[in-house]
Amino acid sequence: MTTKPKYAIIPYQREDRDIYDGLEFNPDAPEPLPDAMYQELLLREIMYLLDVWLIADPGRSDVFLSSNTFICYNRSNLNVRIGPDCYVAVGVDAAAIRSRRLYLPWEAGKFPDFALEVASETTAQNDIGDKRRIYEMLGVGEYWRFDPSGSEYYGEPLVGERLVDGRYQRIELRQEADGSLRGYSPTLGLYLSWEQQPDGDGWLCFYDPATGQRLRSFREVIADHQAAEDRADVAEERADAAEDRAGAAKDRAEAAEAEARGLREQLRRLRGQ
């Protein structure tokens with residue numbers, strides 16, 4: 001069993017000013033990118049797995065997880081912002097952050113600890129260039145880049161970097177026997193793994209270091225539940241059939257007993273005559 005650390009929550013310092021006055025964008029509706037459909041299925045799966053691992057299972061309030069929302073990093077101009085595909089902050093008041101609809105590090109008490117970008121044709125150069133520079137400048141502790149194509153957009157399938165003395169240094173990745181590429185995220189407490197699928201594209205998988213087991217996807221969990229329900233239905237049908245057979249056997253036994261009583265009575269009458 002994995003023991004997940006709990007963090008002392010940094011008190012949220014909410015400002016009184018109207019932070020939405022003067023915004024040139026809608027904080028509730030980030031503009032979709034041309035490649036949003038390309039990334040959508042993968043990001044939904046990533047968010048599900050991280051939510052179960054970090055938040056939903058233990059029911060935590062000290063971890064903030066979000067996707068495609070905005071981190072504002074200029075206190076005097078909230079239009080200066082960046083939107084990671086996925087990001088995590090630990091030791092924060094998650095409910096207070098979410099109620100603001102924007103991640104404001106001066107209110108939350110820190111910048112996020114982890115950011116992940118998923119490569120696409122229109123975003124790859126920005127992910128490698130400006131976004132990486134901004135995350136490093138802001139002090140985002142880990143920055144991961146995942147390329148479903150393998151290397152078409154980033155030039156490599158998976159890259160993890162960790163902030164050391166204000167600069168990003170690569171997290172060591174190892175290649176497994178099956179060709180997957182795997183590296184450890186201290187923030188998540190998980191191994192991230194690029195794994196090729198039968199259709200040729202790669203998928204991002206997560207492994208629990210304590211058990212070595214891959215976190216099961218939403219589709220797999222649903223399939224497990226359905227299989228369990230099917231087994232329960234079969235067991236119930238078998239129990240019903242066994243009960244029917246037992247009822248039929250009881251009826252036959254009672255009929256045989258009644259027949260035996262009739263024969264014994266008939267025999268007594270014949271002896272009396």
# chains A, B, ... in the order shown; residues from 1 in each chain; ligands from 1

call {"tool": "residues_around", "arguments": {"residues": "Tyr87 in chain A", "least_positions_apart": "4", "cutoff": "6 Å", "atoms": "only C-alpha atoms", "output": "list in words"}}
result
Leu65, Ser66, Phe114 and Ala115 of chain A

call {"tool": "residues_around", "arguments": {"residues": "Pro58 in chain A", "least_positions_apart": "3", "cutoff": "12 Å", "atoms": "only C-alpha atoms", "output": "list in words"}}
result
Thr2, Thr3, Lys4, Pro5, Lys6, Asp51, Val52, Trp53, Leu54, Ile55, Ser61, Asp62 and Val63 of chain A

call {"tool": "closest_residue", "arguments": {"among": "A:Leu49, A:Asp130, A:Gly22, A:Val159", "to": "Tyr207 in chain A", "atoms": "only C-alpha atoms"}}
result
A:Leu49

call {"tool": "closest_residue", "arguments": {"among": "A:Glu45, A:Glu142, A:Asp57, A:Asp199", "to": "Val88 in chain A", "atoms": "only C-alpha atoms"}}
result
A:Glu142

call {"tool": "residues_around", "arguments": {"residues": "Gly160 in chain A", "least_positions_apart": "5", "cutoff": "7 Å", "atoms": "only C-alpha atoms", "output": "VMD selection string"}}
result
chain A and resid 143 to 145 170 to 171

call {"tool": "write_last_selection", "arguments": {"atoms": "C-alpha atoms", "output": "compact mmCIF listing (two decimals), in the first residue's frame"}}
result
# COMPACT_ATOMS: atom_id res chain seq x y z
CA TYR A 143 8.36 20.63 -16.24
CA TRP A 144 7.44 17.58 -18.33
CA ARG A 145 6.83 17.38 -22.07
CA ARG A 170 16.95 16.91 -16.95
CA ILE A 171 15.39 14.10 -14.95
